[in-house]
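Here's the structure, in structure tokens; my notes come after.
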Amino acid sequence: LFGRFNGASLSHEQAVALGASAAAQLQTSPSDRACVSITLCHAFGIASAAGSALLSGAAVVLPAVGGIRGCGDPKQRAEVTLDILQSTAATQLFADSHTLKALPPPPAGSLLSLRNGVVKIGSGSDFLETPQHSYGGLF
């Protein structure tokens with residue numbers, strides 16, 4: 001057993017499968033820097049987000065806000081996330097819908113390295129069959 005997340009268990013095999021699936025769908029490579037702006041106490045955070053980067057040899061960037069448990073204040077998380085996206089030239093963003101809604105507009109040209117991202121909606125870890133575009137078409 002890898003851990004218990006909100007009462008649901010997550011095995012090592014399930015965590016690896018979620019990470020491998022996310023890495024394949026996002027075409028994650030060793031040159032990526034994945035900004036994981038979501039709690040690591042959720043399967044999406046630890047398995048899909050961090051797992052996809054680690055399985056691909058990519059870097060994991062964790063914004064220092066809200067701790068690993070809970071979402072904290074979405075406005076504060078969004079501000080720190082935007083700063084991290086800019087300062088690390090992150091290429092991927094994993095976030096929740098609360099953070100995405102609270103993200104301030106980025107300065108023009110400040111997120112040129114961001115090539116894709118995934119927003120968690122609800123409590124699942126599944127990817128949509130058809131990609132949806134958000135945050136001003138940035139990803």
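Order determines the names: the first chain of the structure tokens is A, the second B, and so forth; residues in each chain are numbered 1 upward, and ligands are numbered 1 upward as they are shown.
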
Quick one: residues within 6 Å of range 98-104 of chain A, only C-alpha atoms counted, chain neighbours fewer than 6 positions away excluded, as a PyMOL selection string? chain A and resi 74-75+78

Output for the residues just chosen: all heavy atoms as a PDB file, in the first residue's frame:
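Ended up saving to again.pdb:
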ATOM      1  N   PRO A  74      -6.650  29.510  -2.155  1.00  0.00           N
ATOM      2  CA  PRO A  74      -6.421  29.457  -3.605  1.00  0.00           C
ATOM      3  C   PRO A  74      -5.724  30.697  -4.166  1.00  0.00           C
ATOM      4  O   PRO A  74      -4.878  30.573  -5.046  1.00  0.00           O
ATOM      5  CB  PRO A  74      -7.827  29.312  -4.186  1.00  0.00           C
ATOM      6  CG  PRO A  74      -8.625  28.689  -3.102  1.00  0.00           C
ATOM      7  CD  PRO A  74      -8.052  29.249  -1.819  1.00  0.00           C
ATOM      8  N   LYS A  75      -6.041  31.890  -3.632  1.00  0.00           N
ATOM      9  CA  LYS A  75      -5.402  33.111  -4.139  1.00  0.00           C
ATOM     10  C   LYS A  75      -3.909  33.100  -3.849  1.00  0.00           C
ATOM     11  O   LYS A  75      -3.091  33.399  -4.720  1.00  0.00           O
ATOM     12  CB  LYS A  75      -6.058  34.345  -3.519  1.00  0.00           C
ATOM     13  CG  LYS A  75      -5.503  35.641  -4.064  1.00  0.00           C
ATOM     14  CD  LYS A  75      -6.254  36.842  -3.501  1.00  0.00           C
ATOM     15  CE  LYS A  75      -5.755  38.101  -4.178  1.00  0.00           C
ATOM     16  NZ  LYS A  75      -4.961  38.934  -3.367  1.00  0.00           N
ATOM     17  N   ALA A  78      -2.249  30.493  -6.009  1.00  0.00           N
ATOM     18  CA  ALA A  78      -2.157  30.952  -7.401  1.00  0.00           C
ATOM     19  C   ALA A  78      -1.009  31.933  -7.587  1.00  0.00           C
ATOM     20  O   ALA A  78      -0.263  31.849  -8.565  1.00  0.00           O
ATOM     21  CB  ALA A  78      -3.482  31.576  -7.823  1.00  0.00           C
TER      22      ALA A  78
END

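Near range 83-90 of chain A, within 9 Å and counting only C-alpha atoms, sit Asp32, Arg33, Ala34, Cys35, Val61, Leu62, Pro63, Pro106, Ser110, Leu111, Leu112, Ser113, Leu114 and Arg115 of chain A, not including residues fewer than 6 positions from it in the same chain.
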
State, in Å with one decimal place, the distance from CA of Asn116 in chain A to CA of Leu10 in chain A. 25.9 Å

Within 7 Å of range 14-22 of chain A, counting only C-alpha atoms, which residues qualify if same-chain residues fewer than 5 places away don't, as a list in words?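 So, after excluding close chain neighbours, the residues are Ala47, Ser48, Ala49, Gly51, Ser52 and Leu55 of chain A.
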
Secondary structure check, helix (DSSP H, G or I) residues of range 46-81 of chain A, as a PDB file with N, CA and C atoms, in the first residue's frame:
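Below is the file that was written, part-v4.pdb:
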ATOM      1  N   ILE A  46       0.392  13.233  -6.132  1.00  0.00           N
ATOM      2  CA  ILE A  46       1.551  12.371  -5.920  1.00  0.00           C
ATOM      3  C   ILE A  46       1.792  11.406  -7.078  1.00  0.00           C
ATOM      4  N   ALA A  47       0.725  10.870  -7.662  1.00  0.00           N
ATOM      5  CA  ALA A  47       0.897   9.844  -8.700  1.00  0.00           C
ATOM      6  C   ALA A  47       0.896  10.446 -10.103  1.00  0.00           C
ATOM      7  N   SER A  48      -0.200  11.104 -10.478  1.00  0.00           N
ATOM      8  CA  SER A  48      -0.292  11.637 -11.838  1.00  0.00           C
ATOM      9  C   SER A  48       0.733  12.738 -12.081  1.00  0.00           C
ATOM     10  N   ALA A  49       0.827  13.701 -11.182  1.00  0.00           N
ATOM     11  CA  ALA A  49       1.701  14.854 -11.396  1.00  0.00           C
ATOM     12  C   ALA A  49       3.168  14.528 -11.097  1.00  0.00           C
ATOM     13  N   ALA A  50       3.481  14.304  -9.826  1.00  0.00           N
ATOM     14  CA  ALA A  50       4.877  14.024  -9.464  1.00  0.00           C
ATOM     15  C   ALA A  50       5.349  12.713 -10.091  1.00  0.00           C
ATOM     16  N   GLY A  51       4.490  11.714 -10.101  1.00  0.00           N
ATOM     17  CA  GLY A  51       4.867  10.412 -10.670  1.00  0.00           C
ATOM     18  C   GLY A  51       5.212  10.488 -12.147  1.00  0.00           C
ATOM     19  N   SER A  52       4.433  11.249 -12.918  1.00  0.00           N
ATOM     20  CA  SER A  52       4.717  11.347 -14.359  1.00  0.00           C
ATOM     21  C   SER A  52       6.075  11.988 -14.603  1.00  0.00           C
ATOM     22  N   ALA A  53       6.395  13.004 -13.812  1.00  0.00           N
ATOM     23  CA  ALA A  53       7.698  13.652 -13.969  1.00  0.00           C
ATOM     24  C   ALA A  53       8.832  12.717 -13.567  1.00  0.00           C
ATOM     25  N   LEU A  54       8.697  12.087 -12.410  1.00  0.00           N
ATOM     26  CA  LEU A  54       9.770  11.210 -11.927  1.00  0.00           C
ATOM     27  C   LEU A  54       9.985  10.010 -12.837  1.00  0.00           C
ATOM     28  N   LEU A  55       8.895   9.431 -13.346  1.00  0.00           N
ATOM     29  CA  LEU A  55       9.042   8.290 -14.258  1.00  0.00           C
ATOM     30  C   LEU A  55       9.697   8.685 -15.577  1.00  0.00           C
ATOM     31  N   SER A  56       9.609   9.968 -15.929  1.00  0.00           N
ATOM     32  CA  SER A  56      10.177  10.457 -17.197  1.00  0.00           C
ATOM     33  C   SER A  56      11.547  11.087 -17.027  1.00  0.00           C
ATOM     34  N   PRO A  74      -6.650  29.510  -2.155  1.00  0.00           N
ATOM     35  CA  PRO A  74      -6.421  29.457  -3.605  1.00  0.00           C
ATOM     36  C   PRO A  74      -5.724  30.697  -4.166  1.00  0.00           C
ATOM     37  N   LYS A  75      -6.041  31.890  -3.632  1.00  0.00           N
ATOM     38  CA  LYS A  75      -5.402  33.111  -4.139  1.00  0.00           C
ATOM     39  C   LYS A  75      -3.909  33.100  -3.849  1.00  0.00           C
ATOM     40  N   GLN A  76      -3.543  32.720  -2.626  1.00  0.00           N
ATOM     41  CA  GLN A  76      -2.131  32.656  -2.268  1.00  0.00           C
ATOM     42  C   GLN A  76      -1.425  31.574  -3.090  1.00  0.00           C
ATOM     43  N   ARG A  77      -2.055  30.414  -3.221  1.00  0.00           N
ATOM     44  CA  ARG A  77      -1.469  29.325  -4.002  1.00  0.00           C
ATOM     45  C   ARG A  77      -1.273  29.768  -5.458  1.00  0.00           C
ATOM     46  N   ALA A  78      -2.249  30.493  -6.009  1.00  0.00           N
ATOM     47  CA  ALA A  78      -2.157  30.952  -7.401  1.00  0.00           C
ATOM     48  C   ALA A  78      -1.009  31.933  -7.587  1.00  0.00           C
ATOM     49  N   GLU A  79      -0.858  32.873  -6.652  1.00  0.00           N
ATOM     50  CA  GLU A  79       0.222  33.852  -6.757  1.00  0.00           C
ATOM     51  C   GLU A  79       1.592  33.180  -6.688  1.00  0.00           C
ATOM     52  N   VAL A  80       1.752  32.243  -5.756  1.00  0.00           N
ATOM     53  CA  VAL A  80       3.020  31.525  -5.624  1.00  0.00           C
ATOM     54  C   VAL A  80       3.252  30.649  -6.858  1.00  0.00           C
ATOM     55  N   THR A  81       2.199  30.016  -7.351  1.00  0.00           N
ATOM     56  CA  THR A  81       2.324  29.171  -8.542  1.00  0.00           C
ATOM     57  C   THR A  81       2.786  29.987  -9.736  1.00  0.00           C
TER      58      THR A  81
END

Which residue of A:Phe44, A:Val36, A:Asp73, A:Val65 approaches Leu93 in chain A most closely, using only C-alpha atoms: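 For Leu93 in chain A, the nearest of the given residues is A:Val36.
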